[in-house]
$ cat model_1.cif   # mmCIF, C-alpha atoms
data_query
loop_
_atom_site.label_atom_id
_atom_site.label_comp_id
_atom_site.auth_asym_id
_atom_site.auth_seq_id
_atom_site.Cartn_x
_atom_site.Cartn_y
_atom_site.Cartn_z
CA MET A 1 -10.37 -61.97 1.66
CA GLN A 2 -9.18 -59.03 -0.42
CA ARG A 3 -9.58 -56.61 2.49
CA SER A 4 -7.71 -58.94 4.82
CA SER A 5 -4.87 -59.27 2.34
CA LEU A 6 -4.73 -55.52 1.87
CA ARG A 7 -4.58 -54.91 5.60
CA PHE A 8 -1.84 -57.52 5.89
CA LEU A 9 0.24 -55.81 3.20
CA VAL A 10 -0.23 -52.39 4.77
CA GLY A 11 0.80 -53.74 8.14
CA GLN A 12 3.87 -55.36 6.61
CA SER A 13 4.88 -52.11 4.87
CA LYS A 14 4.48 -50.11 8.09
CA ARG A 15 6.62 -52.54 10.04
CA ALA A 16 9.25 -52.58 7.30
CA PHE A 17 9.36 -48.78 7.33
CA CYS A 18 9.62 -48.55 11.11
CA THR A 19 12.26 -51.24 11.46
CA SER A 20 14.48 -49.88 8.70
CA SER A 21 17.97 -49.05 9.95
CA ASP A 22 18.38 -46.15 7.51
CA LYS A 23 17.70 -42.75 9.00
CA ILE A 24 15.66 -40.16 7.12
CA VAL A 25 16.73 -36.50 7.16
CA ALA A 26 14.60 -33.59 5.96
CA SER A 27 16.61 -30.64 4.60
CA VAL A 28 15.19 -27.28 3.58
CA LEU A 29 16.34 -25.32 0.53
CA PHE A 30 15.31 -21.87 1.78
CA GLU A 31 15.29 -19.61 -1.25
CA ARG A 32 15.02 -15.89 -1.82
CA LEU A 33 13.78 -15.31 -5.34
CA ARG A 34 15.38 -12.73 -7.59
CA VAL A 35 13.91 -9.23 -7.57
CA VAL A 36 12.09 -8.76 -10.86
CA ILE A 37 10.53 -5.50 -12.06
CA PRO A 38 7.88 -6.52 -14.62
CA LYS A 39 7.21 -4.39 -17.68
CA PRO A 40 3.83 -2.62 -17.85
CA ASP A 41 1.15 -4.50 -19.73
CA PRO A 42 0.39 -3.23 -23.28
CA ALA A 43 -3.15 -2.55 -22.15
CA VAL A 44 -1.75 0.02 -19.70
CA TYR A 45 -0.04 1.91 -22.53
CA THR A 46 -3.28 1.87 -24.54
CA PHE A 47 -5.29 3.22 -21.62
CA GLN A 48 -2.78 5.96 -20.88
CA GLU A 49 -2.80 7.09 -24.52
CA PHE A 50 -6.60 7.12 -24.59
CA LYS A 51 -6.71 9.05 -21.30
CA PHE A 52 -4.26 11.66 -22.60
CA ASN A 53 -6.17 12.17 -25.89
CA TRP A 54 -9.48 12.35 -24.05
CA GLN A 55 -8.23 15.01 -21.65
CA GLN A 56 -6.66 17.07 -24.41
CA GLN A 57 -10.06 18.01 -25.85
CA PHE A 58 -11.05 19.68 -22.59
CA ARG A 59 -7.82 21.56 -21.95
CA ARG A 60 -7.64 25.35 -22.19
CA ARG A 61 -5.68 26.90 -24.99
CA TYR A 62 -2.84 28.88 -23.44
CA PRO A 63 -1.62 32.16 -24.99
CA ASP A 64 1.36 31.97 -27.31
CA GLU A 65 3.33 34.31 -25.04
CA PHE A 66 3.04 31.83 -22.20
CA LEU A 67 4.02 28.91 -24.41
CA ASP A 68 7.10 30.76 -25.69
CA ILE A 69 8.27 31.32 -22.11
CA ALA A 70 7.86 27.61 -21.34
CA LYS A 71 9.86 26.63 -24.43
CA ASN A 72 12.76 28.91 -23.46
CA ARG A 73 13.18 27.32 -20.06
CA ALA A 74 15.96 24.83 -19.43
CA LYS A 75 14.93 21.22 -19.64
CA GLY A 76 16.03 20.38 -16.11
CA GLU A 77 13.81 23.06 -14.60
CA TYR A 78 10.51 21.44 -15.50
CA GLN A 79 11.32 17.81 -16.28
CA MET A 80 12.94 15.23 -14.06
CA ASP A 81 14.60 12.25 -15.72
CA TYR A 82 13.80 8.87 -14.14
CA VAL A 83 16.86 7.01 -12.90
CA PRO A 84 16.23 3.37 -11.92
CA ALA A 85 17.67 2.01 -8.70
CA PRO A 86 21.08 0.36 -9.24
CA ARG A 87 21.39 -3.40 -9.10
CA ILE A 88 24.71 -3.10 -7.26
CA THR A 89 23.83 -2.42 -3.62
CA GLU A 90 25.94 -1.58 -0.58
CA ALA A 91 25.74 -5.23 0.47
CA ASP A 92 27.34 -6.21 -2.86
CA LYS A 93 30.14 -3.69 -2.41
CA LYS A 94 30.85 -4.93 1.12
CA ASN A 95 30.30 -8.59 0.15
CA ASP A 96 27.89 -8.91 3.07
CA ARG A 97 26.66 -12.49 2.73
CA LYS A 98 24.35 -12.10 5.72
CA SER A 99 22.24 -9.56 3.87
CA LEU A 100 19.27 -10.31 1.65
CA TYR A 101 19.95 -7.09 -0.28
CA ARG A 102 22.84 -8.61 -2.22
CA ALA A 103 22.68 -10.15 -5.71
CA LEU A 104 19.18 -8.84 -6.40
CA ASP A 105 19.21 -10.30 -9.90
CA LYS A 106 19.99 -13.82 -8.62
CA LYS A 107 18.45 -16.32 -6.24
CA LEU A 108 19.91 -16.68 -2.75
CA TYR A 109 19.97 -19.77 -0.52
CA LEU A 110 20.36 -20.03 3.25
CA LEU A 111 23.23 -22.06 4.70
CA ILE A 112 23.98 -22.46 8.40
CA PHE A 113 27.27 -23.32 10.08
CA GLY A 114 27.32 -26.26 12.45
CA LYS A 115 27.52 -30.03 12.67
CA PRO A 116 25.01 -31.75 10.37
CA PHE A 117 23.71 -35.28 10.72
CA GLY A 118 26.15 -37.88 9.43
CA ALA A 119 29.25 -35.72 9.93
CA THR A 120 32.37 -37.84 10.41
CA SER A 121 34.12 -35.20 12.53
CA ASP A 122 33.23 -32.63 15.17
CA LYS A 123 34.36 -29.80 12.92
CA PRO A 124 31.40 -27.56 11.95
CA VAL A 125 30.63 -27.17 8.26
CA TRP A 126 28.13 -25.33 6.08
CA HIS A 127 24.86 -27.16 5.51
CA PHE A 128 21.13 -26.64 4.96
CA PRO A 129 18.63 -26.44 7.85
CA GLU A 130 17.78 -30.05 8.61
CA LYS A 131 16.18 -32.42 11.07
CA VAL A 132 16.13 -36.20 11.48
CA TYR A 133 12.66 -37.64 10.94
CA ASP A 134 11.34 -38.82 14.29
CA SER A 135 7.70 -38.62 15.31
CA GLU A 136 6.28 -36.01 12.93
CA PRO A 137 3.07 -36.99 11.08
CA THR A 138 4.68 -36.29 7.70
CA LEU A 139 8.11 -35.62 6.30
CA ARG A 140 6.90 -32.14 5.27
CA LYS A 141 6.18 -31.37 8.96
CA CYS A 142 9.69 -32.53 9.79
CA ALA A 143 11.10 -30.05 7.26
CA GLU A 144 8.97 -27.28 8.75
CA SER A 145 10.36 -28.08 12.21
CA ALA A 146 13.90 -27.92 10.82
CA LEU A 147 13.40 -24.42 9.41
CA LYS A 148 11.40 -23.24 12.43
CA SER A 149 14.25 -24.20 14.76
CA VAL A 150 16.48 -21.76 12.85
CA LEU A 151 14.06 -18.89 12.14
CA GLY A 152 11.92 -19.11 15.26
CA ASP A 153 8.66 -19.01 13.28
CA LEU A 154 7.43 -19.61 9.74
CA THR A 155 5.42 -16.41 9.32
CA HIS A 156 7.26 -15.07 6.27
CA THR A 157 7.91 -18.39 4.55
CA TYR A 158 6.15 -20.51 1.94
CA PHE A 159 6.81 -24.23 1.39
CA VAL A 160 6.43 -25.19 -2.25
CA GLY A 161 4.31 -28.34 -2.34
CA ASN A 162 4.04 -31.20 0.12
CA ALA A 163 6.44 -33.58 -1.59
CA PRO A 164 10.24 -33.25 -1.56
CA MET A 165 11.92 -31.82 -4.64
CA ALA A 166 14.83 -34.30 -4.58
CA HIS A 167 16.63 -36.80 -2.38
CA MET A 168 20.00 -38.46 -2.08
CA ALA A 169 21.05 -41.75 -0.47
CA ILE A 170 24.21 -41.62 1.63
CA GLN A 171 26.20 -44.83 2.10
CA PRO A 172 29.47 -45.49 3.94
CA THR A 173 32.58 -45.80 1.81
CA GLU A 174 36.12 -47.09 2.27
CA GLU A 175 37.27 -43.58 3.11
CA THR A 176 34.42 -42.99 5.56
CA PRO A 177 33.50 -46.39 7.06
CA ASP A 178 31.94 -44.76 10.15
CA LEU A 179 29.45 -42.79 8.06
CA PRO A 180 25.88 -43.96 8.79
CA SER A 181 23.62 -44.84 5.90
CA TYR A 182 20.67 -42.48 5.56
CA LYS A 183 18.44 -40.74 3.04
CA ARG A 184 18.25 -36.96 2.75
CA PHE A 185 15.09 -35.38 1.33
CA PHE A 186 15.10 -31.74 0.17
CA PHE A 187 12.07 -29.45 0.50
CA LYS A 188 11.87 -26.05 -1.19
CA CYS A 189 10.75 -23.03 0.79
CA SER A 190 10.65 -19.38 -0.35
CA VAL A 191 11.14 -16.06 1.39
CA VAL A 192 7.88 -14.09 1.58
CA ALA A 193 7.67 -10.35 2.33
CA ALA A 194 10.81 -10.20 4.45
CA SER A 195 14.25 -8.64 4.12
CA LYS A 196 15.74 -9.94 7.37
CA TYR A 197 15.30 -12.94 9.66
CA SER A 198 16.32 -13.54 13.25
CA ILE A 199 18.43 -16.61 12.54
CA SER A 200 19.66 -18.49 15.62
CA ASN A 201 20.41 -22.02 16.82
CA CYS A 202 23.58 -22.06 14.72
CA GLU A 203 27.12 -20.71 14.88
CA ASP A 204 26.81 -18.64 11.73
CA PHE A 205 24.74 -18.26 8.55
CA VAL A 206 25.13 -16.95 5.00
CA TRP A 207 22.96 -16.24 1.97
CA VAL A 208 24.73 -17.55 -1.13
CA THR A 209 24.04 -17.72 -4.85
CA LYS A 210 23.92 -20.96 -6.82
CA ASP A 211 27.51 -20.56 -8.04
CA GLU A 212 28.73 -19.97 -4.49
CA LEU A 213 26.70 -22.96 -3.32
CA LEU A 214 28.39 -25.24 -5.85
CA GLU A 215 31.78 -24.01 -4.65
CA ILE A 216 30.93 -24.89 -1.05
CA PHE A 217 29.73 -28.40 -2.02
CA PRO A 218 32.12 -29.47 -4.79
CA GLU A 219 31.43 -33.19 -4.25
CA GLN A 220 27.67 -32.73 -4.68
CA ALA A 221 27.98 -30.00 -7.31
CA GLU A 222 26.45 -32.13 -10.06
CA PHE A 223 23.50 -33.09 -7.87
CA PHE A 224 22.73 -29.52 -6.74
CA ASN A 225 23.21 -28.18 -10.26
CA LYS A 226 20.40 -30.47 -11.47
CA MET A 227 18.20 -29.90 -8.43
CA ILE A 228 18.38 -26.10 -8.42
CA ILE A 229 17.01 -24.47 -11.55
CA SER A 230 18.38 -20.91 -11.73
#
$ encode --input "model_1.cif" --output "structure tokens"
Amino acid sequence: MQRSSLRFLVGQSKRAFCTSSDKIVASVLFERLRVVIPKPDPAVYTFQEFKFNWQQQFRRRYPDEFLDIAKNRAKGEYQMDYVPAPRITEADKKNDRKSLYRALDKKLYLLIFGKPFGATSDKPVWHFPEKVYDSEPTLRKCAESALKSVLGDLTHTYFVGNAPMAHMAIQPTEETPDLPSYKRFFFKCSVVAASKYSISNCEDFVWVTKDELLEIFPEQAEFFNKMIIS
């Protein structure tokens, strides 16, 4: 009796899910992490000091005449000062938002230009890669299909987890009575070992920072500010 009841409940839940009028949309937050140069571990400093002291005991003692010549040389002739690469790149100077070489100390997010699901007009707008859930085995697979349709393949990508990171429920309002009711689920995906993608299937694309993202979506700024941890 318990098994029969359980099967009945599962069957009821499946039918309720399939007959629901609300559409489900999977959106992908495609993220390029900030470029971080980690500091050497303290153990590395200890090893280098030990290696230097160990090698010193086997070094030849040079004549004083030779050492005096070395001391009289200009500093720039025998020592090169290390200059780190600048954080401000050419892409920053040109404000090239299609380049992944901009804003290296911040995270970047991919937006595409087109008509998203639930748009009340035919005018294209900026939005995340997305796809309406149809026949995929899981919602994660639906999100992968959405990103694959834009990038062509998912070779240099990494989806963080199987579950969505956040979701929002969209309902029609008095101002937009024709807006369909649907639920949008966001999946996080990261850039892996790539500096450029062949992005297609859209009119245009940009890589934006979190602050720029909030400016593009002022109505959902509070939601994205909580969802994206910078």
$ resolve_selection --input "model_1.cif" --expression "the PyMOL selection byres ((chain A and resi 142) around 10)" --output "list in words"
Val25, Ala26, Ser27, Val28, Glu130, Lys131, Val132, Tyr133, Asp134, Ser135, Glu136, Pro137, Thr138, Leu139, Arg140, Lys141, Ala143, Glu144, Ser145, Ala146, Leu147 and Lys148 of chain A
$ closest_residue --input "model_1.cif" --among "A:Ile228, A:Glu215, A:Ser121, A:Phe30" --to "Phe159 of chain A" --atoms "only C-alpha atoms"
A:Phe30
$ resolve_selection --input "model_1.cif" --expression "the PyMOL selection byres ((chain A and resi 97) around 12)" --output "list in words"
Glu90, Ala91, Asp92, Lys93, Lys94, Asn95, Asp96, Lys98, Ser99, Leu100, Tyr101, Arg102, Ala103, Leu108, Tyr109, Leu110, Leu111, Ile112, Asp204, Phe205, Val206, Trp207, Val208, Thr209 and Glu212 of chain A
$ resolve_selection --input "model_1.cif" --expression "the PyMOL selection byres ((chain A and resi 164-170) around 6)" --output "PyMOL selection string"
chain A and resi 163+171+181-187
$ write_last_selection --input "model_1.cif" --atoms "C-alpha atoms" --output "CSV table (one decimal), keeping the file's coordinate frame"
chain,number,residue,atom,x,y,z
A,163,ALA,CA,6.4,-33.6,-1.6
A,171,GLN,CA,26.2,-44.8,2.1
A,181,SER,CA,23.6,-44.8,5.9
A,182,TYR,CA,20.7,-42.5,5.6
A,183,LYS,CA,18.4,-40.7,3.0
A,184,ARG,CA,18.2,-37.0,2.8
A,185,PHE,CA,15.1,-35.4,1.3
A,186,PHE,CA,15.1,-31.7,0.2
A,187,PHE,CA,12.1,-29.4,0.5
$ atom_distance --input "model_1.cif" --atom1 "atom CA of Glu222 of chain A" --atom2 "atom CA of Lys123 of chain A"
24.4 Å
$ closest_residue --input "model_1.cif" --among "A:Leu29, A:Thr173, A:Lys23, A:Trp54" --to "Lys210 of chain A" --atoms "only C-alpha atoms"
A:Leu29
$ atom_distance --input "model_1.cif" --atom1 "atom CA of Phe117 of chain A" --atom2 "atom CA of Lys226 of chain A"
22.9 Å
$ build_atoms --input "model_1.cif" --residues "segment 170-196 of chain A" --atoms "N, CA, C and O atoms" --output "compact mmCIF listing (two decimals), in the frame of the given file"
# COMPACT_ATOMS: atom_id res chain seq x y z
N ILE A 170 22.83 -41.67 1.15
CA ILE A 170 24.21 -41.62 1.63
C ILE A 170 24.59 -43.01 2.17
O ILE A 170 23.88 -43.57 3.01
N GLN A 171 25.70 -43.51 1.68
CA GLN A 171 26.20 -44.83 2.10
C GLN A 171 27.64 -44.71 2.55
O GLN A 171 28.39 -43.87 2.04
N PRO A 172 28.06 -45.52 3.52
CA PRO A 172 29.47 -45.49 3.94
C PRO A 172 30.39 -45.97 2.83
O PRO A 172 30.02 -46.80 2.00
N THR A 173 31.59 -45.43 2.80
CA THR A 173 32.58 -45.80 1.81
C THR A 173 33.86 -46.28 2.50
O THR A 173 33.95 -46.31 3.73
N GLU A 174 34.84 -46.65 1.71
CA GLU A 174 36.12 -47.09 2.27
C GLU A 174 36.82 -45.95 2.99
O GLU A 174 37.50 -46.16 4.00
N GLU A 175 36.65 -44.73 2.47
CA GLU A 175 37.27 -43.58 3.11
C GLU A 175 36.54 -43.16 4.37
O GLU A 175 37.15 -42.64 5.31
N THR A 176 35.23 -43.36 4.39
CA THR A 176 34.42 -42.99 5.56
C THR A 176 33.60 -44.19 6.01
O THR A 176 32.38 -44.25 5.82
N PRO A 177 34.25 -45.19 6.63
CA PRO A 177 33.50 -46.39 7.06
C PRO A 177 32.54 -46.12 8.22
O PRO A 177 31.58 -46.87 8.41
N ASP A 178 32.80 -45.06 9.00
CA ASP A 178 31.94 -44.76 10.15
C ASP A 178 30.71 -43.95 9.76
O ASP A 178 29.87 -43.65 10.62
N LEU A 179 30.58 -43.59 8.50
CA LEU A 179 29.45 -42.79 8.06
C LEU A 179 28.18 -43.62 8.07
O LEU A 179 28.13 -44.69 7.46
N PRO A 180 27.13 -43.18 8.77
CA PRO A 180 25.88 -43.96 8.79
C PRO A 180 25.17 -43.85 7.46
O PRO A 180 25.28 -42.85 6.74
N SER A 181 24.40 -44.87 7.12
CA SER A 181 23.62 -44.84 5.90
C SER A 181 22.28 -44.16 6.19
O SER A 181 21.59 -44.50 7.15
N TYR A 182 21.93 -43.20 5.36
CA TYR A 182 20.67 -42.48 5.56
C TYR A 182 20.24 -41.87 4.23
O TYR A 182 21.00 -41.83 3.27
N LYS A 183 19.00 -41.39 4.21
CA LYS A 183 18.44 -40.74 3.04
C LYS A 183 18.09 -39.30 3.39
O LYS A 183 17.45 -39.05 4.40
N ARG A 184 18.49 -38.37 2.52
CA ARG A 184 18.25 -36.96 2.75
C ARG A 184 17.25 -36.45 1.71
O ARG A 184 17.49 -36.55 0.51
N PHE A 185 16.13 -35.91 2.20
CA PHE A 185 15.09 -35.38 1.33
C PHE A 185 15.10 -33.86 1.41
O PHE A 185 15.15 -33.30 2.51
N PHE A 186 15.04 -33.19 0.25
CA PHE A 186 15.10 -31.74 0.17
C PHE A 186 13.71 -31.17 -0.12
O PHE A 186 13.02 -31.63 -1.04
N PHE A 187 13.32 -30.17 0.69
CA PHE A 187 12.07 -29.45 0.50
C PHE A 187 12.40 -27.99 0.16
O PHE A 187 13.29 -27.40 0.78
N LYS A 188 11.65 -27.44 -0.79
CA LYS A 188 11.87 -26.05 -1.19
C LYS A 188 10.94 -25.13 -0.41
O LYS A 188 9.75 -25.39 -0.27
N CYS A 189 11.51 -24.04 0.08
CA CYS A 189 10.75 -23.03 0.79
C CYS A 189 11.24 -21.65 0.33
O CYS A 189 12.43 -21.46 0.09
N SER A 190 10.32 -20.70 0.19
CA SER A 190 10.65 -19.38 -0.35
C SER A 190 10.47 -18.30 0.70
O SER A 190 9.63 -18.41 1.60
N VAL A 191 11.27 -17.25 0.55
CA VAL A 191 11.14 -16.06 1.39
C VAL A 191 9.91 -15.28 0.94
O VAL A 191 9.70 -15.07 -0.26
N VAL A 192 9.10 -14.83 1.89
CA VAL A 192 7.88 -14.09 1.58
C VAL A 192 7.85 -12.81 2.40
O VAL A 192 7.84 -12.85 3.63
N ALA A 193 7.87 -11.67 1.71
CA ALA A 193 7.67 -10.35 2.33
C ALA A 193 8.57 -10.14 3.53
O ALA A 193 8.13 -9.73 4.60
N ALA A 194 9.85 -10.41 3.37
CA ALA A 194 10.81 -10.20 4.45
C ALA A 194 12.17 -9.88 3.86
O ALA A 194 12.54 -10.39 2.79
N SER A 195 12.90 -9.00 4.53
CA SER A 195 14.25 -8.64 4.12
C SER A 195 15.29 -9.02 5.16
O SER A 195 16.48 -8.85 4.93
N LYS A 196 14.83 -9.54 6.32
CA LYS A 196 15.74 -9.94 7.37
C LYS A 196 15.05 -10.93 8.29
O LYS A 196 13.86 -10.80 8.59
